Amino acid sequence: MLAEIITIGDEILIGQIVDTNSAFIAKELNKIGVSVHQITSIQDNKKQILQALAEANASVDIVIITGGLGPTKDDITKHTLCEFFQDNLVEDADTLQHVKDLFASFGKGEITEINRKQALVPSKATVLHNAIGTAPGMWIKNEKTVFVSLPGVPSEMKRLITNEVVPQIITQFNRPHILHKTFLTYGLGESALSEKIEDWENALPNFISLAYLPQMGKVRLRLTAKGADLDTLKNAIEDESKRLYELIGDIIFGVEGEETLEEVVAKLFTEKKKSLAVAESCTGGKIAGKITAMPGASVYFKGGVVSYETQTKIDVLGVSEETVKTDSVVSEAVAEQMALGVKKVMKSDYAIATTGNAGPLKGDSNVEVGTVCIAIATPDKVYSEKFAMGNFRNMVVQRAVNKAFEMIQKEISKL
C-alpha cells in the first residue's frame, strides 16, 4: 500500500520552517504497513495543488495533505479540493459549534465571520474532529484513492493522525506488515563495511532489504522486512540479525531505538563501577555534554576540563611545556598528558582527552586542519591515536566526539 505526503505552504519552500510534519506522518504510516511513495512540498497556489493532487491520484492509495487550511485568503486548500473533486463547500454544524466553544473558552466572545469559515468543508468530505484547533481534518474518497487534508500546525496534525487518520486506515485498508531493525556500527566506512558483508547481503530473502545510512564516524544498517505474515517476518529478521552479528559483531554497538553509543558507555561504566573524566580541547566540552545529558551520569562521571588554551593545558592538567614545543600542542604526546592530568585531578579510573585543529585557522599548532589526537587513560596505561577528520569545523568536532566514545567503549568493554 502506497501513500504520498503533500505539504502546502510557501514557508517550507523558502526555508522559514523545517518540514517536521512529513517525517512524523511517514513514521506513523510505516508503523501500520503503509509505504510512503513520495513527499511533495508545494506553494499555496491553485495550479500547483491541482497538479499535485492529480499526480498523486494516479499513483498511490492514500494522500495526506497538510497546510493551507487557515481562515485567511492565502489558505486555499479547501477551495482547491472542491475544484478537484467537483464539489462545493458546506457548513458543518459540529465544527461550527466547536469553533464557538473554543472562542468562548479563550474568553474571546463571539466568533468573527472569517473564523466561521473554518466550519466550511467539501460536501463529499468526512470531517475529522480537531479537538485542539479550529481547522477540521477532512477525509475524501475518490475512486481508489483516499485524500486526507489536515491542518499544518504540528500539534493539531499529530493528534489527528494518531486519533483519527491511523485508526481509519487500519479499518478500511488491508495492509502488509513492515518491520525495521537498524544496527548501529562504528569503525568501518560504508564501502569497507559493504565488502565485508557482501555475501550475507546477497543471500538475504527477497522480502528483506538492506539500507546503508552513513553518519559521521558511524554507519547505520537498516534491515526492512515486508509481508503478510508477521511471525515469518519477525523470525527472518532475527535469523539475519544473528548472521550479521557473526560477521561484524565487534563493531555493532547497539540497535536503533534501544541505545546510543554514549548510552552503552554509560551503562558499562555504571555496571563495572568505574569512573570517568574528560579533558577536552578541540571538542569544547561536547563529550562532557553528551555524558551529562543522560540521567544518572553522576554515578560514574567525575567531571571535565575544557582546556582550550595551550597555557590551560599546562597550568591545570600538567602538560609539559617542553612536550608542547617539541611535539606541538596537537600531538599524541600532549593528548596522553592531558588524559593523565585530568585523571589525576578528578581521581577517576579512566579518562578521555582530545586535542586537535578543527579550523578554519591553525591556532597554536601548525598541524593541518582536521588533525585530531585522542587519548585514553586507563587504570594501568595510556595510549592515543591521531586522526584526519576532514576540513569542516563542525564535522571535525562531531567526528572527534564519536571517535572518543568509540575508543572508551572498546576499553571499558575489556573488563
# chains A, B, ... in the order shown; residues from 1 in each chain; ligands from 1
>>> closest_atom_pairs(of="stretch 85-194 of chain A", to="stretch 24-38 of chain A", cutoff="10 Å", atoms="only C-alpha atoms", output="tab-separated table")
residue	atom	partner	partner_atom	distance
A:Pro154	CA	A:Phe24	CA	9.2
A:Met157	CA	A:Ile25	CA	8.8
A:Lys158	CA	A:Phe24	CA	7.6
A:Ile161	CA	A:Ile25	CA	7.3
A:Thr162	CA	A:Glu28	CA	8.0
A:Val165	CA	A:Leu29	CA	9.6
A:Val166	CA	A:Leu29	CA	7.4
A:Pro167	CA	A:Ile32	CA	9.7
A:Ile169	CA	A:Ile32	CA	8.6
A:Ile170	CA	A:Ile32	CA	7.3
A:Phe173	CA	A:Val34	CA	9.7
A:Asn174	CA	A:Gly33	CA	9.1
A:Arg175	CA	A:Gly33	CA	5.5
A:Pro176	CA	A:Gly33	CA	5.2
A:His177	CA	A:Gly33	CA	4.8
A:Ile178	CA	A:Gly33	CA	5.1
A:Leu179	CA	A:Lys31	CA	8.0
A:His180	CA	A:Lys31	CA	9.4
>>> select_by_dssp(residues="stretch 118-321 of chain A", states="strand (DSSP E or B)", output="VMD selection string")
chain A and resid 120 to 122 126 to 128 137 to 142 145 to 150 177 to 186 208 to 215 218 to 227 252 to 255 276 to 280 301 to 306
>>> closest_residue(among="A:Trp200, A:Phe207, A:Tyr212, A:Tyr300", to="A:Thr182", atoms="only C-alpha atoms")
A:Tyr212
>>> residues_around(residues="A:Lys46", least_positions_apart="2", cutoff="9 Å", atoms="only C-alpha atoms", output="PyMOL selection string")
chain A and resi 43-44+48-51+76-77+79-80
>>> atom_distance(atom1="atom CA of A:Ala225", atom2="atom CA of A:Leu210")
9.1 Å
>>> select_by_dssp(residues="stretch 146-350 of chain A", states="helix (DSSP H, G or I)", output="number ranges by chain")
A: 154-172, 190-196, 198-202, 230-248, 261-271, 286-292, 297-299, 310-317, 321-327, 332-346
>>> write_last_selection(atoms="C-alpha atoms", output="short mmCIF file (atom, residue, chain, number, x, y, z; two decimals), in the first residue's frame")
data_model
loop_
_atom_site.label_atom_id
_atom_site.label_comp_id
_atom_site.auth_asym_id
_atom_site.auth_seq_id
_atom_site.Cartn_x
_atom_site.Cartn_y
_atom_site.Cartn_z
CA PRO A 154 2.21 20.22 14.14
CA SER A 155 0.35 19.61 17.42
CA GLU A 156 -3.01 19.55 15.65
CA MET A 157 -1.74 17.39 12.80
CA LYS A 158 -0.15 14.84 15.15
CA ARG A 159 -3.30 14.49 17.21
CA LEU A 160 -5.43 13.98 14.08
CA ILE A 161 -3.01 11.42 12.63
CA THR A 162 -2.93 9.45 15.88
CA ASN A 163 -6.60 9.65 16.87
CA GLU A 164 -8.43 9.87 13.55
CA VAL A 165 -6.38 9.02 10.46
CA VAL A 166 -4.40 5.95 11.54
CA PRO A 167 -7.44 4.18 13.06
CA GLN A 168 -9.45 4.75 9.86
CA ILE A 169 -6.64 3.47 7.63
CA ILE A 170 -6.37 0.34 9.78
CA THR A 171 -10.12 -0.21 9.50
CA GLN A 172 -10.53 0.48 5.79
CA GLU A 190 30.36 2.36 4.19
CA SER A 191 32.47 0.86 1.38
CA ALA A 192 34.59 -1.33 3.64
CA LEU A 193 31.53 -2.48 5.53
CA SER A 194 29.72 -3.33 2.30
CA GLU A 195 32.61 -5.52 1.17
CA LYS A 196 32.71 -7.34 4.49
CA GLU A 198 28.50 -8.58 0.70
CA ASP A 199 27.84 -12.34 0.64
CA TRP A 200 25.38 -12.09 3.53
CA GLU A 201 23.58 -9.20 1.87
CA ASN A 202 23.29 -11.04 -1.44
CA LEU A 230 4.10 -11.03 10.93
CA ASP A 231 5.64 -14.10 12.61
CA THR A 232 7.51 -15.02 9.43
CA LEU A 233 8.96 -11.51 9.23
CA LYS A 234 10.00 -11.47 12.90
CA ASN A 235 11.72 -14.85 12.66
CA ALA A 236 13.51 -13.90 9.45
CA ILE A 237 14.77 -10.61 10.89
CA GLU A 238 16.09 -12.38 13.98
CA ASP A 239 17.80 -15.08 11.90
CA GLU A 240 19.50 -12.50 9.70
CA SER A 241 20.46 -10.43 12.75
CA LYS A 242 22.32 -13.42 14.22
CA ARG A 243 24.19 -13.95 10.95
CA LEU A 244 25.12 -10.27 10.83
CA TYR A 245 26.46 -10.36 14.40
CA GLU A 246 28.63 -13.34 13.47
CA LEU A 247 30.22 -11.22 10.73
CA ILE A 248 30.56 -7.79 12.34
CA LEU A 261 26.88 4.65 21.82
CA GLU A 262 27.07 7.10 24.72
CA GLU A 263 24.26 5.22 26.47
CA VAL A 264 26.19 1.98 26.04
CA VAL A 265 29.25 3.65 27.55
CA ALA A 266 27.19 4.96 30.48
CA LYS A 267 25.75 1.50 31.17
CA LEU A 268 29.18 -0.15 31.05
CA PHE A 269 30.78 2.34 33.44
CA THR A 270 27.82 2.04 35.82
CA GLU A 271 27.75 -1.76 35.74
CA LYS A 286 30.78 18.31 23.80
CA ILE A 287 31.85 14.91 25.17
CA ALA A 288 31.01 16.01 28.70
CA GLY A 289 27.77 17.49 27.40
CA LYS A 290 26.65 14.18 25.91
CA ILE A 291 27.55 12.37 29.12
CA THR A 292 25.74 14.75 31.46
CA ALA A 297 25.74 10.32 34.89
CA SER A 298 26.86 11.40 38.35
CA VAL A 299 27.24 7.74 39.29
CA THR A 310 47.59 25.92 25.49
CA GLN A 311 48.54 27.55 28.81
CA THR A 312 45.48 25.99 30.46
CA LYS A 313 46.70 22.57 29.41
CA ILE A 314 50.00 23.37 31.11
CA ASP A 315 48.66 25.08 34.25
CA VAL A 316 45.64 22.87 35.01
CA LEU A 317 46.46 19.49 33.51
CA GLU A 321 55.88 22.94 28.06
CA GLU A 322 58.76 21.04 26.55
CA THR A 323 56.38 18.49 25.02
CA VAL A 324 54.30 21.29 23.53
CA LYS A 325 57.43 22.84 21.99
CA THR A 326 58.87 19.61 20.61
CA ASP A 327 55.72 17.73 19.59
CA GLU A 332 49.55 12.29 20.68
CA ALA A 333 52.06 13.09 23.42
CA VAL A 334 50.07 16.12 24.58
CA ALA A 335 46.77 14.22 24.39
CA GLU A 336 48.22 11.50 26.61
CA GLN A 337 49.49 14.01 29.14
CA MET A 338 46.07 15.70 29.16
CA ALA A 339 44.37 12.35 29.84
CA LEU A 340 46.75 11.50 32.67
CA GLY A 341 46.41 15.02 34.06
CA VAL A 342 42.61 15.06 34.21
CA LYS A 343 42.59 11.51 35.56
CA LYS A 344 44.82 12.68 38.42
CA VAL A 345 42.89 15.91 39.06
CA MET A 346 39.50 14.19 39.05
#
